[in-house]
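K.L.:
Below is start.cif; it holds mmCIF, C-alpha atoms.
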```
data_final
loop_
_atom_site.group_PDB
_atom_site.id
_atom_site.type_symbol
_atom_site.label_atom_id
_atom_site.label_comp_id
_atom_site.auth_asym_id
_atom_site.auth_seq_id
_atom_site.Cartn_x
_atom_site.Cartn_y
_atom_site.Cartn_z
ATOM 1 C CA MET A 1 -18.500 -53.581 -215.061
ATOM 2 C CA ASP A 2 -21.622 -55.297 -213.934
ATOM 3 C CA GLY A 3 -20.254 -55.583 -210.409
ATOM 4 C CA ALA A 4 -19.502 -51.842 -210.262
ATOM 5 C CA VAL A 5 -23.023 -50.986 -211.347
ATOM 6 C CA VAL A 6 -24.492 -53.290 -208.744
ATOM 7 C CA ALA A 7 -22.280 -51.773 -206.049
ATOM 8 C CA PHE A 8 -23.275 -48.251 -207.090
ATOM 9 C CA VAL A 9 -26.934 -49.141 -206.953
ATOM 10 C CA VAL A 10 -26.480 -50.679 -203.519
ATOM 11 C CA VAL A 11 -24.728 -47.571 -202.255
ATOM 12 C CA ILE A 12 -27.506 -45.360 -203.577
ATOM 13 C CA VAL A 13 -30.118 -47.503 -201.899
ATOM 14 C CA LEU A 14 -28.222 -47.418 -198.593
ATOM 15 C CA VAL A 15 -27.938 -43.631 -198.784
ATOM 16 C CA LEU A 16 -31.641 -43.312 -199.453
ATOM 17 C CA LEU A 17 -32.446 -45.597 -196.543
ATOM 18 C CA VAL A 18 -30.217 -43.570 -194.249
ATOM 19 C CA LEU A 19 -31.788 -40.334 -195.387
ATOM 20 C CA ARG A 20 -35.230 -41.808 -195.014
ATOM 21 C CA SER A 21 -34.481 -42.940 -191.478
ATOM 22 C CA GLY A 22 -33.235 -39.480 -190.554
ATOM 23 C CA MET A 23 -36.055 -37.507 -192.170
ATOM 24 C CA ARG A 24 -38.789 -36.132 -189.899
ATOM 25 C CA VAL A 25 -41.893 -34.019 -190.498
ATOM 26 C CA VAL A 26 -42.851 -31.385 -187.922
ATOM 27 C CA ASN A 27 -46.488 -30.309 -187.952
ATOM 28 C CA GLN A 28 -47.610 -26.702 -187.861
ATOM 29 C CA VAL A 29 -48.873 -26.992 -184.273
ATOM 30 C CA ASP A 30 -45.659 -28.594 -182.998
ATOM 31 C CA ARG A 31 -42.081 -27.630 -182.392
ATOM 32 C CA GLY A 32 -39.270 -30.198 -182.494
ATOM 33 C CA VAL A 33 -36.695 -30.392 -179.687
ATOM 34 C CA VAL A 34 -33.637 -32.397 -180.815
ATOM 35 C CA PHE A 35 -31.554 -34.424 -178.370
ATOM 36 C CA ARG A 36 -28.128 -35.320 -179.762
ATOM 37 C CA LEU A 37 -26.530 -38.109 -177.810
ATOM 38 C CA GLY A 38 -28.846 -37.225 -174.920
ATOM 39 C CA LYS A 39 -28.087 -33.516 -174.924
ATOM 40 C CA ALA A 40 -30.735 -31.001 -176.018
ATOM 41 C CA LEU A 41 -29.711 -28.683 -178.781
ATOM 42 C CA PRO A 42 -30.215 -24.948 -178.110
ATOM 43 C CA GLY A 43 -32.787 -24.331 -180.805
ATOM 44 C CA TYR A 44 -35.859 -26.164 -181.897
ATOM 45 C CA ARG A 45 -36.990 -27.404 -185.285
ATOM 46 C CA LYS A 46 -39.716 -25.429 -187.006
ATOM 47 C CA PRO A 47 -42.668 -26.929 -188.904
ATOM 48 C CA GLY A 48 -41.791 -28.732 -192.117
ATOM 49 C CA ILE A 49 -39.296 -31.422 -193.153
ATOM 50 C CA THR A 50 -36.183 -31.739 -191.005
ATOM 51 C CA PHE A 51 -33.302 -34.234 -191.047
ATOM 52 C CA LEU A 52 -31.701 -35.934 -188.104
ATOM 53 C CA ILE A 53 -28.494 -37.875 -187.835
ATOM 54 C CA PRO A 54 -29.489 -41.528 -187.747
ATOM 55 C CA PHE A 55 -28.696 -43.381 -184.536
ATOM 56 C CA VAL A 56 -27.452 -40.110 -183.013
ATOM 57 C CA ASP A 57 -30.318 -37.595 -182.855
ATOM 58 C CA ARG A 58 -33.711 -38.041 -181.237
ATOM 59 C CA MET A 59 -36.503 -35.485 -181.575
ATOM 60 C CA ARG A 60 -39.405 -34.743 -179.220
ATOM 61 C CA LYS A 61 -42.381 -32.796 -180.477
ATOM 62 C CA VAL A 62 -43.920 -30.153 -178.203
ATOM 63 C CA ASN A 63 -47.423 -28.818 -178.893
ATOM 64 C CA VAL A 64 -47.634 -25.037 -178.833
ATOM 65 C CA GLN A 65 -51.427 -24.729 -179.076
ATOM 66 C CA VAL A 66 -53.492 -23.172 -176.298
ATOM 67 C CA VAL A 67 -54.363 -25.890 -173.802
ATOM 68 C CA VAL A 68 -57.728 -25.742 -172.021
ATOM 69 C CA LEU A 69 -57.268 -27.484 -168.693
ATOM 70 C CA PRO A 70 -60.322 -27.921 -166.443
ATOM 71 C CA VAL A 71 -59.523 -27.776 -162.741
ATOM 72 C CA PRO A 72 -61.414 -30.390 -160.690
ATOM 73 C CA THR A 73 -63.871 -29.163 -158.068
ATOM 74 C CA GLN A 74 -62.060 -28.032 -154.936
ATOM 75 C CA GLU A 75 -63.799 -27.852 -151.574
ATOM 76 C CA GLY A 76 -62.680 -25.284 -149.047
ATOM 77 C CA ILE A 77 -63.729 -22.909 -146.293
ATOM 78 C CA THR A 78 -63.779 -19.189 -146.981
ATOM 79 C CA ARG A 79 -62.451 -16.531 -144.673
ATOM 80 C CA ASP A 80 -65.942 -15.968 -143.235
ATOM 81 C CA ASN A 81 -66.272 -19.703 -142.408
ATOM 82 C CA VAL A 82 -68.525 -20.825 -145.270
ATOM 83 C CA SER A 83 -67.941 -24.222 -146.874
ATOM 84 C CA VAL A 84 -68.014 -23.973 -150.683
ATOM 85 C CA LYS A 85 -67.048 -26.026 -153.723
ATOM 86 C CA VAL A 86 -65.324 -24.191 -156.577
ATOM 87 C CA ASP A 87 -64.170 -25.363 -159.989
ATOM 88 C CA ALA A 88 -62.178 -23.420 -162.564
ATOM 89 C CA VAL A 89 -60.547 -23.641 -165.985
ATOM 90 C CA VAL A 90 -57.004 -22.663 -167.040
ATOM 91 C CA TYR A 91 -55.908 -21.496 -170.501
ATOM 92 C CA PHE A 92 -52.165 -21.735 -171.185
ATOM 93 C CA LYS A 93 -49.687 -22.374 -173.984
ATOM 94 C CA VAL A 94 -46.001 -23.294 -174.371
ATOM 95 C CA THR A 95 -43.766 -20.369 -175.267
ATOM 96 C CA ASP A 96 -40.355 -22.082 -174.895
ATOM 97 C CA PRO A 97 -40.478 -25.670 -176.225
ATOM 98 C CA VAL A 98 -36.926 -26.450 -175.066
ATOM 99 C CA ARG A 99 -37.591 -25.575 -171.435
ATOM 100 C CA ALA A 100 -40.986 -27.282 -171.504
ATOM 101 C CA ALA A 101 -39.257 -30.463 -172.684
ATOM 102 C CA ILE A 102 -36.343 -30.497 -170.230
ATOM 103 C CA GLU A 103 -37.401 -28.478 -167.156
ATOM 104 C CA VAL A 104 -40.551 -30.419 -166.237
ATOM 105 C CA GLN A 105 -41.539 -34.021 -166.821
ATOM 106 C CA ASP A 106 -45.179 -33.330 -167.798
ATOM 107 C CA TYR A 107 -46.016 -29.645 -167.991
ATOM 108 C CA VAL A 108 -49.777 -30.247 -168.405
ATOM 109 C CA PHE A 109 -49.971 -32.310 -165.227
ATOM 110 C CA ALA A 110 -47.745 -29.816 -163.402
ATOM 111 C CA VAL A 111 -49.919 -26.844 -164.358
ATOM 112 C CA GLY A 112 -53.021 -28.745 -163.259
ATOM 113 C CA GLN A 113 -51.593 -29.468 -159.811
ATOM 114 C CA VAL A 114 -50.473 -25.872 -159.325
ATOM 115 C CA ALA A 115 -53.931 -24.674 -160.378
ATOM 116 C CA GLN A 116 -55.654 -26.910 -157.811
ATOM 117 C CA SER A 117 -53.450 -25.784 -154.927
ATOM 118 C CA SER A 118 -53.740 -22.135 -155.951
ATOM 119 C CA LEU A 119 -57.524 -22.400 -156.169
ATOM 120 C CA ARG A 120 -57.746 -23.810 -152.635
ATOM 121 C CA SER A 121 -55.500 -21.007 -151.415
ATOM 122 C CA VAL A 122 -57.690 -18.377 -153.058
ATOM 123 C CA ILE A 123 -60.805 -19.899 -151.474
ATOM 124 C CA GLY A 124 -59.282 -19.666 -148.004
ATOM 125 C CA LYS A 125 -58.192 -16.043 -148.457
ATOM 126 C CA SER A 126 -61.475 -14.767 -149.913
ATOM 127 C CA GLU A 127 -64.914 -14.109 -148.487
ATOM 128 C CA LEU A 128 -68.123 -15.522 -149.891
ATOM 129 C CA ASP A 129 -69.288 -12.186 -151.310
ATOM 130 C CA ALA A 130 -65.997 -11.824 -153.205
ATOM 131 C CA LEU A 131 -66.338 -15.317 -154.682
ATOM 132 C CA LEU A 132 -69.812 -14.496 -155.928
ATOM 133 C CA SER A 133 -69.425 -10.899 -157.138
ATOM 134 C CA ASP A 134 -65.754 -9.853 -157.384
ATOM 135 C CA ARG A 135 -64.518 -12.639 -159.647
ATOM 136 C CA GLU A 136 -62.386 -10.486 -161.938
ATOM 137 C CA ARG A 137 -59.977 -9.694 -159.123
ATOM 138 C CA LEU A 138 -59.880 -13.357 -158.109
ATOM 139 C CA HIS A 139 -59.133 -14.373 -161.704
ATOM 140 C CA GLU A 140 -56.170 -12.012 -161.841
ATOM 141 C CA GLY A 141 -54.813 -13.200 -158.503
ATOM 142 C CA LEU A 142 -55.249 -16.863 -159.433
ATOM 143 C CA ALA A 143 -53.526 -16.382 -162.800
ATOM 144 C CA LEU A 144 -50.606 -14.662 -161.096
ATOM 145 C CA MET A 145 -50.226 -17.484 -158.578
ATOM 146 C CA ILE A 146 -50.166 -20.137 -161.317
ATOM 147 C CA ASP A 147 -47.939 -18.152 -163.684
ATOM 148 C CA SER A 148 -45.121 -17.743 -161.145
ATOM 149 C CA PRO A 149 -43.908 -21.391 -161.245
ATOM 150 C CA ALA A 150 -45.099 -21.991 -164.815
ATOM 151 C CA ALA A 151 -42.843 -19.276 -166.199
ATOM 152 C CA GLY A 152 -39.792 -21.402 -165.339
ATOM 153 C CA TRP A 153 -41.230 -24.271 -167.390
ATOM 154 C CA GLY A 154 -41.583 -22.239 -170.555
ATOM 155 C CA VAL A 155 -45.376 -22.053 -170.140
ATOM 156 C CA ASN A 156 -47.436 -18.848 -170.273
ATOM 157 C CA ILE A 157 -50.797 -18.667 -168.464
ATOM 158 C CA ASP A 158 -53.267 -16.813 -170.667
ATOM 159 C CA ARG A 159 -56.207 -16.673 -168.292
ATOM 160 C CA VAL A 160 -57.878 -18.436 -165.380
ATOM 161 C CA GLU A 161 -61.616 -18.336 -164.730
ATOM 162 C CA ILE A 162 -63.806 -19.650 -161.938
ATOM 163 C CA LYS A 163 -66.674 -21.537 -163.535
ATOM 164 C CA ASP A 164 -69.021 -22.288 -160.660
ATOM 165 C CA VAL A 165 -69.354 -21.809 -156.907
ATOM 166 C CA GLN A 166 -71.510 -24.419 -155.199
ATOM 167 C CA LEU A 167 -73.101 -23.314 -151.909
ATOM 168 C CA PRO A 168 -74.755 -25.414 -149.198
ATOM 169 C CA GLU A 169 -78.534 -25.677 -149.418
ATOM 170 C CA SER A 170 -79.043 -24.034 -146.011
ATOM 171 C CA LEU A 171 -76.974 -21.049 -147.115
ATOM 172 C CA LYS A 172 -78.961 -20.782 -150.348
ATOM 173 C CA ARG A 173 -82.211 -20.580 -148.372
ATOM 174 C CA SER A 174 -80.743 -17.953 -146.047
ATOM 175 C CA MET A 175 -79.567 -15.848 -148.979
ATOM 176 C CA SER A 176 -82.984 -16.169 -150.596
ATOM 177 C CA ARG A 177 -84.696 -14.902 -147.447
ATOM 178 C CA GLN A 178 -82.186 -12.066 -147.200
ATOM 179 C CA ALA A 179 -82.812 -11.016 -150.792
ATOM 180 C CA GLU A 180 -86.570 -11.167 -150.249
ATOM 181 C CA ALA A 181 -86.311 -9.030 -147.118
ATOM 182 C CA GLU A 182 -84.168 -6.503 -148.962
ATOM 183 C CA ARG A 183 -86.722 -6.263 -151.765
ATOM 184 C CA GLU A 184 -89.506 -5.800 -149.215
ATOM 185 C CA ARG A 185 -87.539 -3.041 -147.492
ATOM 186 C CA ARG A 186 -87.027 -1.212 -150.781
ATOM 187 C CA ALA A 187 -90.718 -1.526 -151.620
ATOM 188 C CA ARG A 188 -91.735 -0.071 -148.261
ATOM 189 C CA VAL A 189 -89.262 2.795 -148.561
ATOM 190 C CA ILE A 190 -90.521 3.631 -152.042
ATOM 191 C CA THR A 191 -94.152 3.510 -150.851
ATOM 192 C CA ALA A 192 -93.396 5.735 -147.855
ATOM 193 C CA ASP A 193 -91.548 8.187 -150.070
ATOM 194 C CA GLY A 194 -94.526 8.334 -152.429
ATOM 195 C CA GLU A 195 -96.929 8.969 -149.555
ATOM 196 C CA PHE A 196 -94.659 11.703 -148.207
ATOM 197 C CA GLN A 197 -94.532 13.458 -151.564
ATOM 198 C CA ALA A 198 -98.303 13.095 -151.959
ATOM 199 C CA ALA A 199 -98.831 14.618 -148.496
ATOM 200 C CA GLN A 200 -96.636 17.565 -149.434
ATOM 201 C CA GLN A 201 -98.585 18.171 -152.608
ATOM 202 C CA LEU A 202 -101.915 17.890 -150.779
ATOM 203 C CA ALA A 203 -100.707 20.371 -148.173
ATOM 204 C CA ASN A 204 -99.711 22.817 -150.898
ATOM 205 C CA ALA A 205 -103.079 22.330 -152.619
ATOM 206 C CA SER A 206 -104.987 22.916 -149.375
ATOM 207 C CA ARG A 207 -103.147 26.190 -148.789
ATOM 208 C CA ILE A 208 -103.955 27.372 -152.295
ATOM 209 C CA MET A 209 -107.631 26.424 -151.917
ATOM 210 C CA SER A 210 -107.890 28.182 -148.546
ATOM 211 C CA ASP A 211 -106.597 31.392 -150.119
ATOM 212 C CA THR A 212 -108.981 31.118 -153.086
ATOM 213 C CA PRO A 213 -112.435 29.713 -152.179
ATOM 214 C CA GLU A 214 -113.325 29.592 -155.865
ATOM 215 C CA ALA A 215 -110.734 26.860 -156.291
ATOM 216 C CA MET A 216 -112.600 24.731 -153.733
ATOM 217 C CA GLN A 217 -115.840 25.191 -155.682
ATOM 218 C CA LEU A 218 -114.127 24.254 -158.935
ATOM 219 C CA ARG A 219 -112.639 21.175 -157.287
ATOM 220 C CA LEU A 220 -116.054 20.164 -156.025
ATOM 221 C CA LEU A 221 -117.525 20.527 -159.491
ATOM 222 C CA GLN A 222 -114.672 18.502 -160.947
ATOM 223 C CA THR A 223 -115.313 15.738 -158.412
ATOM 224 C CA VAL A 224 -118.987 15.752 -159.370
ATOM 225 C CA VAL A 225 -118.027 15.381 -163.037
ATOM 226 C CA GLU A 226 -115.686 12.478 -162.262
ATOM 227 C CA VAL A 227 -118.311 10.664 -160.213
ATOM 228 C CA ALA A 228 -121.003 11.240 -162.828
ATOM 229 C CA ALA A 229 -118.767 9.843 -165.576
ATOM 230 C CA GLU A 230 -119.072 6.319 -164.168
ATOM 231 C CA LYS A 231 -122.830 6.235 -164.947
ATOM 232 C CA ASN A 232 -123.397 3.552 -162.329
ATOM 233 C CA SER A 233 -124.050 5.726 -159.290
ATOM 234 C CA THR A 234 -126.408 8.545 -158.299
ATOM 235 C CA LEU A 235 -125.058 11.765 -156.812
ATOM 236 C CA VAL A 236 -127.390 13.692 -154.471
ATOM 237 C CA MET A 237 -126.510 17.246 -153.392
ATOM 238 C CA PRO A 238 -129.013 18.377 -150.683
ATOM 239 C CA PHE A 239 -127.839 22.001 -150.576
ATOM 240 C CA PRO A 240 -126.803 24.309 -153.351
ATOM 241 C CA VAL A 241 -123.196 25.313 -153.387
ATOM 242 C CA GLU A 242 -124.067 29.020 -152.994
ATOM 243 C CA LEU A 243 -126.065 28.278 -149.814
ATOM 244 C CA LEU A 244 -123.103 26.470 -148.314
ATOM 245 C CA ARG A 245 -120.924 29.444 -149.099
ATOM 246 C CA TYR A 246 -123.469 31.755 -147.418
ATOM 247 C CA PHE A 247 -123.368 29.666 -144.241
ATOM 248 C CA ASP A 248 -119.608 29.696 -144.328
ATOM 249 C CA ARG A 249 -119.469 33.508 -144.549
ATOM 250 C CA ALA A 250 -122.107 33.911 -141.797
ATOM 251 C CA ALA A 251 -120.257 31.586 -139.420
ATOM 252 C CA HIS A 252 -117.020 33.400 -140.149
ATOM 253 C CA ARG A 253 -118.617 36.798 -139.418
ATOM 254 C CA LEU A 254 -120.200 35.613 -136.141
ATOM 255 C CA GLY A 255 -116.896 34.190 -135.020
ATOM 256 C CA GLN A 256 -115.162 37.512 -135.632
ATOM 257 C CA GLU A 257 -117.851 39.438 -133.653
ATOM 258 C CA ALA A 258 -117.633 37.051 -130.709
ATOM 259 C CA THR A 259 -113.873 37.343 -130.691
ATOM 260 C CA ALA A 260 -114.086 41.131 -130.726
ATOM 261 C CA ARG A 261 -116.556 41.252 -127.773
ATOM 262 C CA THR A 262 -114.538 38.816 -125.725
ATOM 263 C CA GLY A 263 -111.380 40.791 -126.249
ATOM 264 C CA ALA A 264 -112.938 44.193 -125.338
ATOM 265 C CA GLY A 265 -114.757 42.886 -122.195
ATOM 266 C CA ASP A 266 -118.140 44.575 -123.011
ATOM 267 C CA THR A 267 -121.161 43.743 -120.763
ATOM 268 C CA ILE A 268 -124.805 44.860 -121.147
ATOM 269 C CA PRO A 269 -126.810 45.443 -117.846
ATOM 270 C CA ALA A 270 -129.980 43.507 -117.399
ATOM 271 C CA GLN A 271 -133.250 45.494 -117.722
ATOM 272 C CA ALA A 272 -136.680 44.763 -116.343
ATOM 273 C CA PRO A 273 -139.200 43.887 -118.949
ATOM 274 C CA ASP A 274 -141.505 46.710 -119.934
ATOM 275 C CA GLY A 275 -145.047 46.757 -121.163
ATOM 276 C CA PRO A 276 -148.220 44.955 -120.246
ATOM 277 C CA ALA A 277 -146.479 41.672 -119.552
ATOM 278 C CA ALA A 278 -144.826 43.092 -116.418
ATOM 279 C CA ASN A 279 -148.023 44.771 -115.225
ATOM 280 C CA ASP A 280 -149.979 41.579 -115.662
ATOM 281 C CA THR A 281 -147.496 39.725 -113.573
ATOM 282 C CA ILE A 282 -147.789 42.221 -110.731
ATOM 283 C CA ALA A 283 -151.580 42.358 -110.945
ATOM 284 C CA GLN A 284 -151.959 38.613 -110.759
ATOM 285 C CA ALA A 285 -149.922 38.322 -107.533
ATOM 286 C CA PRO A 286 -152.290 37.150 -104.666
ATOM 287 C CA GLU A 287 -152.945 39.442 -101.722
ATOM 288 C CA ARG A 288 -151.515 38.369 -98.357
ATOM 289 C CA PRO A 289 -152.481 39.410 -94.790
ATOM 290 C CA ALA A 290 -150.849 42.327 -93.078
ATOM 291 C CA ALA A 291 -149.055 40.113 -90.612
ATOM 292 C CA ASP A 292 -147.559 38.186 -93.403
ATOM 293 C CA ALA A 293 -146.651 41.355 -95.171
ATOM 294 C CA ALA A 294 -144.874 42.635 -92.060
ATOM 295 C CA SER A 295 -142.789 39.501 -91.782
ATOM 296 C CA PRO A 296 -139.653 39.728 -93.840
ATOM 297 C CA ALA A 297 -139.681 35.986 -94.438
ATOM 298 C CA ALA A 298 -143.136 36.123 -95.945
ATOM 299 C CA VAL A 299 -142.271 38.768 -98.479
ATOM 300 C CA PRO A 300 -142.220 37.091 -101.860
ATOM 301 C CA ASP A 301 -139.131 37.362 -104.010
ATOM 302 C CA ALA A 302 -139.279 40.056 -106.627
ATOM 303 C CA PRO A 303 -139.330 38.752 -110.105
ATOM 304 C CA LYS A 304 -135.899 38.671 -111.675
ATOM 305 C CA ALA A 305 -135.428 40.622 -114.817
ATOM 306 C CA PRO A 306 -134.349 38.354 -117.695
ATOM 307 C CA GLN A 307 -130.889 38.982 -118.987
ATOM 308 C CA ASP A 308 -130.200 40.180 -122.428
ATOM 309 C CA PRO A 309 -128.858 37.288 -124.500
ATOM 310 C CA ARG A 310 -126.402 39.661 -126.066
ATOM 311 C CA ALA A 311 -124.525 40.000 -122.712
#
```
Would you encode the structure as structure tokens?
P.N.:
Amino acid sequence: MDGAVVAFVVVIVLVLLVLRSGMRVVNQVDRGVVFRLGKALPGYRKPGITFLIPFVDRMRKVNVQVVVLPVPTQEGITRDNVSVKVDAVVYFKVTDPVRAAIEVQDYVFAVGQVAQSSLRSVIGKSELDALLSDRERLHEGLALMIDSPAAGWGVNIDRVEIKDVQLPESLKRSMSRQAEAERERRARVITADGEFQAAQQLANASRIMSDTPEAMQLRLLQTVVEVAAEKNSTLVMPFPVELLRYFDRAAHRLGQEATARTGAGDTIPAQAPDGPAANDTIAQAPERPAADAASPAAVPDAPKAPQDPRA
């Protein structure tokens, strides 16, 4: 009786040891791939407690979290012959633990190598402007290039992003000068456009003032008010405004009369001066001998009648 009890206890202990050796715990972030006698079972073990056949089954845990893999800096030459250094980062996760365990030896290392080669290929196919400004399209193309081989490994590429593009110092200085020149060009164009619009407005204002002389007088008075508001200068007006307007009307009227006479071709004949001034001139002429009077060369020239200034 005592021997049977001891044997029963021993059997129970052996069973517990066997069960303990075959018991495994799968974490929430892992999936268990079971290899029975070296052959992978079709399914995988979910998180929790699972039991394996001792000395027969072997389990490999595969992490299914999103892996953030930085891609080392890759140096290449763009399509427009510019040497650049580019680094990126890849986000991926395992979607099929069985294939990730049996199709590739180390899926993290494999994805990293594919990402480096794909990044160098993208650098060679792209131009510098695309690397700097059109990164969204490059991200999509790079993710597609990496996802093609990774899909056969049970890995899904979530996203790929280019972190930094390092340019040569000489190219940075050239781009800085180009940006400065572009800003200067825009400033000059804006200034010229403003001057053109101001000239148009001044031309319109001058036409309005020429049609209405009162507007010119009001503008002059407004200018006087603006200058007098400073209180640090003295404004001297030598002529009244009304006198200036009188001169303007007189000059305009004289110009119209001269234009009318020139167009009609009017001439006024010259007349000899009348009155005592002419007689005095004749009376004061000295007397000459008869011989001199008979000679045509000695005859003095008759005084010329002054012309009318109106002619």
K.L.:
Show which residues sit within 7 Å of stretch 32-47 of chain A, as a PyMOL selection string. Count all atoms listed in the file, and ignore same-chain residues fewer than 3 positions away.
P.N.:
chain A and resi 26-28+56-62+97-98
K.L.:
So which residues get picked by the PyMOL selection byres ((chain A and resi 124) around 7) here, written as an MDAnalysis selection string?
P.N.:
chainID A and resid 76:79 120:123 125:126
K.L.:
Quick one, how far is atom CA of A:Phe55 from atom CA of A:Ile12?
P.N.:
19.2 Å
K.L.:
Report the centre and edge lengths, in Å to one decimal, of an axis-aligned box enclosing every atom of stretch 98-106 of chain A listed in the file, padded by 6 Å on each side, as AutoDock Vina command-line options.
P.N.:
```
--center_x -40.8 --center_y -29.8 --center_z -170.7 --size_x 20.8 --size_y 20.4 --size_z 20.8
```
K.L.:
Compile the contact shell of A:Ser117 as a PDB file with C-alpha atoms, in the frame of the given file: residues with an atom at most 12 Å away, counting all atoms listed in the file, same-chain residues fewer than 2 positions apart removed.
P.N.:
```pdb
ATOM      1  CA  VAL A  71     -59.523 -27.776-162.741  1.00  0.00           C
ATOM      2  CA  PRO A  72     -61.414 -30.390-160.690  1.00  0.00           C
ATOM      3  CA  THR A  73     -63.871 -29.163-158.068  1.00  0.00           C
ATOM      4  CA  GLN A  74     -62.060 -28.032-154.936  1.00  0.00           C
ATOM      5  CA  GLU A  75     -63.799 -27.852-151.574  1.00  0.00           C
ATOM      6  CA  GLY A  76     -62.680 -25.284-149.047  1.00  0.00           C
ATOM      7  CA  ASP A  87     -64.170 -25.363-159.989  1.00  0.00           C
ATOM      8  CA  ALA A  88     -62.178 -23.420-162.564  1.00  0.00           C
ATOM      9  CA  ALA A 110     -47.745 -29.816-163.402  1.00  0.00           C
ATOM     10  CA  VAL A 111     -49.919 -26.844-164.358  1.00  0.00           C
ATOM     11  CA  GLY A 112     -53.021 -28.745-163.259  1.00  0.00           C
ATOM     12  CA  GLN A 113     -51.593 -29.468-159.811  1.00  0.00           C
ATOM     13  CA  VAL A 114     -50.473 -25.872-159.325  1.00  0.00           C
ATOM     14  CA  ALA A 115     -53.931 -24.674-160.378  1.00  0.00           C
ATOM     15  CA  LEU A 119     -57.524 -22.400-156.169  1.00  0.00           C
ATOM     16  CA  ARG A 120     -57.746 -23.810-152.635  1.00  0.00           C
ATOM     17  CA  SER A 121     -55.500 -21.007-151.415  1.00  0.00           C
ATOM     18  CA  VAL A 122     -57.690 -18.377-153.058  1.00  0.00           C
ATOM     19  CA  ILE A 123     -60.805 -19.899-151.474  1.00  0.00           C
ATOM     20  CA  GLY A 124     -59.282 -19.666-148.004  1.00  0.00           C
ATOM     21  CA  LEU A 142     -55.249 -16.863-159.433  1.00  0.00           C
ATOM     22  CA  MET A 145     -50.226 -17.484-158.578  1.00  0.00           C
ATOM     23  CA  ILE A 146     -50.166 -20.137-161.317  1.00  0.00           C
TER      24      ILE A 146
END
```
K.L.:
One number please: atom CA of A:Ile162 to atom CA of A:Leu69, in Å, one decimal.
P.N.:
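Calculated distance between atom CA of A:Ile162 and atom CA of A:Leu69 is 12.2 Å.
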